[in-house]
Amino acid sequence: MEKKLSSVAKTTPKLLKCNARHVQGICDQLAKLVKEMYSLDVDPLTDIAICCGQTEAFAAAVFAIIDRGDEVVLFDPSYETYEACIAMAGGVPVYVALDPPNWTLDADKFMKSISGRTKAIILNSPHNPTGKVFSRDELEIIAGACCTRDCLAITDEVYEHITFDKEKHISLASLPGMQERTVITSSLSKTFSVTGQMTGDGLLHLVAIYCAILPSFCRLSGWRVGWAIAPAFIASAIRNIHVKITDSAPAPFQEAALAALTSPSEYFESLRSVGPKKFLFAWFYEEYEFKRDYIVELLAGIGFQICFKPQGSFFLFAELPENCLLSDVEYVKELIKQAGVVAVPGCGFFHTNLSLEKSSQVDCGYQRRYIRFAFCKSNATLAAAAQKLGKLLGASGHLMLN
Ligand SMILES: Cc1ncc(COP(=O)(O)O)c(C=O)c1O
């Protein structure tokens, strides 16, 4: 298996020990958490690399594994950053389309995408942009391919705690034979609402800074603590590369991360549950399932086609209204101009068979017919969006953009 490391990782003279440049307590706590959640036995001294967010952990994992010309299989649509990392490593992305409207994995199509040059398979579940949570059956197909075709897997599990309808995230590494060939990447960003932008109340942000730290208060952007969990020889190569890219994740934020990761199990549960909360201070916590239902009802009610209700993450990938002649990009522009509501055009997430000439009008393929809404907003913001959209409804009750 060690031959699977990239030449970059192998040529570095001395692989670093785990005790450099991180707060060891985070590794101890992560090992405890993955044991509880996924029954994985992880050595906190050798199997973990603490990085600047999942983004760096993923990049370092790709650089540790992928050599020029190696093929990397990804599912389409997919989160944007993977392809750039693969390209920087000299790898060749090979996309397998998930089938709309339910974004199902076609086992035949997937198996055909794997060649003798496939080094790794990328899996993001819960999935951005669709909100899909890969089922155990689908994971078994992916695991089967990794084992029989001798491939590694790199997972992105940043939404691991945010699932709905009693759906539970299963880590690919927990399937038989997979821990030894999987790099798990994840981070604080989504679980503790410390991703790209500021949310919530400004005073609470200050409290969070000075009290360091109650997790649900930590809603400042960019805390940039993530991790890769992998077999020791891969984790060591990842740390090696991490030291060359960023040297270390910011130490004070690592201390905060440790405080956050030791939150009571009810905190993690609360990201999944809905309705009245069962424990003290529950009102601080997110109620993503409630928000998901609110936005699904809102958008379906004004004409969007919502065939697939998100099972996890905090995105809704909505199909444009049936008779809408605008492309996804045109629609989003009008939505911003006329309603003051922002969504992301779906085309940015698609990579297979996208024909740019067909970028608008009725004959565009499904890849031009989806837009992504984020519902990780306060209930007041969601209600304000509903009100703004409500002002543009036609006689049929559907949203009318000119
Ligand atoms: C699927 C996915 N992975 C990773 C990230 C980024 O994670 P981090 O902030 O830990 O770098 C995002 C953020 O939008 C995401 O949606």
# chains A, B, ... in the order shown; residues from 1 in each chain; ligands from 1
$ select_by_dssp --residues "stretch 44-188 of chain A" --states "strand (DSSP E or B)" --output "number ranges by chain"
A: 48-51, 71-76, 92-97, 99, 104, 118-124, 152-156, 163, 182-187
$ write_last_selection --atoms "N, CA and C atoms" --output "short mmCIF file (atom, residue, chain, number, x, y, z; two decimals), in the first residue's frame"
data_model
loop_
_atom_site.label_atom_id
_atom_site.label_comp_id
_atom_site.auth_asym_id
_atom_site.auth_seq_id
_atom_site.Cartn_x
_atom_site.Cartn_y
_atom_site.Cartn_z
N ILE A 48 -3.39 11.07 12.58
CA ILE A 48 -4.19 12.30 12.39
C ILE A 48 -3.26 13.45 12.01
N ALA A 49 -3.72 14.27 11.07
CA ALA A 49 -3.02 15.53 10.76
C ALA A 49 -4.00 16.66 10.96
N ILE A 50 -3.62 17.64 11.77
CA ILE A 50 -4.48 18.81 12.00
C ILE A 50 -4.06 19.89 11.00
N CYS A 51 -5.03 20.39 10.26
CA CYS A 51 -4.72 21.33 9.16
C CYS A 51 -5.57 22.59 9.27
N GLU A 71 -5.39 8.82 -12.26
CA GLU A 71 -6.79 9.22 -12.40
C GLU A 71 -7.48 9.23 -11.03
N VAL A 72 -8.38 10.20 -10.89
CA VAL A 72 -9.12 10.35 -9.64
C VAL A 72 -10.61 10.42 -9.99
N VAL A 73 -11.39 9.50 -9.44
CA VAL A 73 -12.81 9.46 -9.74
C VAL A 73 -13.59 10.34 -8.76
N LEU A 74 -14.49 11.16 -9.33
CA LEU A 74 -15.32 12.04 -8.51
C LEU A 74 -16.77 11.92 -8.97
N PHE A 75 -17.69 12.27 -8.08
CA PHE A 75 -19.10 12.25 -8.47
C PHE A 75 -19.52 13.66 -8.89
N ASP A 76 -20.41 13.69 -9.88
CA ASP A 76 -20.84 14.96 -10.44
C ASP A 76 -22.34 15.11 -10.24
N VAL A 92 -5.68 13.39 -13.00
CA VAL A 92 -6.70 13.53 -14.05
C VAL A 92 -8.07 13.23 -13.43
N PRO A 93 -8.94 14.26 -13.32
CA PRO A 93 -10.26 14.00 -12.74
C PRO A 93 -11.14 13.21 -13.72
N VAL A 94 -11.83 12.23 -13.21
CA VAL A 94 -12.77 11.44 -14.04
C VAL A 94 -14.11 11.51 -13.33
N TYR A 95 -15.09 12.17 -13.96
CA TYR A 95 -16.38 12.39 -13.28
C TYR A 95 -17.40 11.31 -13.62
N VAL A 96 -18.12 10.91 -12.60
CA VAL A 96 -19.24 9.99 -12.79
C VAL A 96 -20.50 10.77 -12.39
N ALA A 97 -21.44 10.92 -13.36
CA ALA A 97 -22.64 11.70 -13.06
C ALA A 97 -23.55 10.93 -12.12
N ASP A 99 -27.36 10.49 -10.98
CA ASP A 99 -28.53 10.68 -11.84
C ASP A 99 -29.63 11.49 -11.15
N THR A 104 -28.94 9.50 -7.81
CA THR A 104 -28.58 8.12 -7.50
C THR A 104 -27.27 7.73 -8.19
N THR A 118 -6.56 4.42 -12.11
CA THR A 118 -7.30 5.08 -11.00
C THR A 118 -6.54 4.90 -9.69
N LYS A 119 -6.17 6.02 -9.08
CA LYS A 119 -5.45 5.93 -7.80
C LYS A 119 -6.42 6.13 -6.63
N ALA A 120 -7.41 7.02 -6.84
CA ALA A 120 -8.27 7.35 -5.69
C ALA A 120 -9.69 7.71 -6.14
N ILE A 121 -10.61 7.54 -5.19
CA ILE A 121 -12.02 7.92 -5.40
C ILE A 121 -12.35 8.96 -4.34
N ILE A 122 -12.99 10.04 -4.79
CA ILE A 122 -13.36 11.11 -3.84
C ILE A 122 -14.83 10.95 -3.49
N LEU A 123 -15.13 10.99 -2.21
CA LEU A 123 -16.53 10.89 -1.80
C LEU A 123 -16.87 12.00 -0.82
N ASN A 124 -17.89 12.77 -1.16
CA ASN A 124 -18.40 13.81 -0.26
C ASN A 124 -19.83 13.43 0.15
N LEU A 152 -7.44 4.01 -3.38
CA LEU A 152 -7.63 4.69 -2.11
C LEU A 152 -8.91 5.52 -2.19
N ALA A 153 -9.42 5.92 -1.03
CA ALA A 153 -10.57 6.83 -1.01
C ALA A 153 -10.20 8.05 -0.19
N ILE A 154 -10.64 9.22 -0.67
CA ILE A 154 -10.51 10.44 0.15
C ILE A 154 -11.92 10.94 0.37
N THR A 155 -12.33 11.03 1.62
CA THR A 155 -13.70 11.48 1.88
C THR A 155 -13.71 12.91 2.40
N ASP A 156 -14.82 13.58 2.13
CA ASP A 156 -15.07 14.91 2.68
C ASP A 156 -16.34 14.77 3.51
N THR A 163 -27.69 15.80 9.38
CA THR A 163 -28.52 14.91 8.57
C THR A 163 -29.95 14.97 9.10
N THR A 182 -8.50 4.54 3.38
CA THR A 182 -9.31 5.78 3.34
C THR A 182 -8.64 6.92 4.10
N VAL A 183 -8.69 8.09 3.49
CA VAL A 183 -8.33 9.32 4.20
C VAL A 183 -9.64 10.05 4.47
N ILE A 184 -9.99 10.21 5.73
CA ILE A 184 -11.18 11.00 6.10
C ILE A 184 -10.73 12.44 6.23
N THR A 185 -11.45 13.37 5.60
CA THR A 185 -11.19 14.78 5.91
C THR A 185 -12.47 15.41 6.45
N SER A 186 -12.30 16.29 7.40
CA SER A 186 -13.45 16.99 7.98
C SER A 186 -12.94 18.23 8.71
N SER A 187 -13.84 18.93 9.37
CA SER A 187 -13.40 20.17 10.03
C SER A 187 -14.45 20.66 11.02
#
$ residues_near_ligand --ligand "ligand 1" --cutoff "6 Å" --atoms "only C-alpha atoms and all ligand atoms" --output "list of chain:residue names"
A:Gly53, A:Gln54, A:Thr55, A:Tyr79, A:Asn128, A:Asp156, A:Val158, A:Ser187, A:Ser189, A:Thr195, A:Gly226
$ write_last_selection --atoms "C-alpha atoms" --output "PDB file, in the first residue's frame"
ATOM      1  CA  GLY A  53      -9.730  23.526   7.548  1.00  0.00           C
ATOM      2  CA  GLN A  54     -10.920  20.600   5.462  1.00  0.00           C
ATOM      3  CA  THR A  55      -9.723  22.523   2.432  1.00  0.00           C
ATOM      4  CA  TYR A  79     -18.015  20.727  -4.535  1.00  0.00           C
ATOM      5  CA  ASN A 128     -22.761  19.631  -1.403  1.00  0.00           C
ATOM      6  CA  ASP A 156     -15.067  14.908   2.685  1.00  0.00           C
ATOM      7  CA  VAL A 158     -17.707  18.164   6.805  1.00  0.00           C
ATOM      8  CA  SER A 187     -13.405  20.173  10.032  1.00  0.00           C
ATOM      9  CA  SER A 189     -16.559  24.655   9.892  1.00  0.00           C
ATOM     10  CA  THR A 195     -17.403  28.581   7.990  1.00  0.00           C
ATOM     11  CA  GLY A 226      -9.717  20.742  10.052  1.00  0.00           C
TER      12      GLY A 226
END
$ select_by_dssp --residues "stretch 104-240 of chain A" --states "alpha helix (DSSP H)" --output "PyMOL selection string"
chain A and resi 107-112+136-148+202-211+232-240
$ residues_around --residues "A:Ser78" --least-positions-apart "6" --cutoff "9 Å" --atoms "only C-alpha atoms" --output "PyMOL selection string"
chain A and resi 124+127-130+348-351
$ closest_residue --among "A:Leu298, A:Met178, A:Leu5, A:Leu105" --to "A:Asp70" --atoms "only C-alpha atoms"
A:Leu5
$ residues_around --residues "A:Pro321" --least-positions-apart "3" --cutoff "6 Å" --atoms "only C-alpha atoms" --output "list in words"
Gly303, Phe304, Gln305 and Cys324 of chain A
$ residues_around --residues "A:Leu258" --least-positions-apart "5" --cutoff "8 Å" --atoms "only C-alpha atoms" --output "number ranges by chain"
A: 25-26, 29
$ closest_residue --among "A:Phe314, A:Glu36, A:Gln24, A:Tyr159" --to "A:Ser265" --atoms "only C-alpha atoms"
A:Glu36
$ closest_residue --among "A:Leu316, A:Leu33, A:Ile66, A:Ile141" --to "A:Phe375" --atoms "only C-alpha atoms"
A:Leu316
$ closest_residue --among "A:Glu83, A:Glu289, A:Asp165, A:Glu157" --to "A:Trp227" --atoms "only C-alpha atoms"
A:Glu157
$ closest_residue --among "A:Phe110, A:Trp223, A:Phe268, A:Phe290" --to "A:Ala251" --atoms "only C-alpha atoms"
A:Trp223
$ closest_residue --among "A:Ala300, A:His22, A:Tyr38, A:Ile142" --to "A:Gly397" --atoms "only C-alpha atoms"
A:Ala300
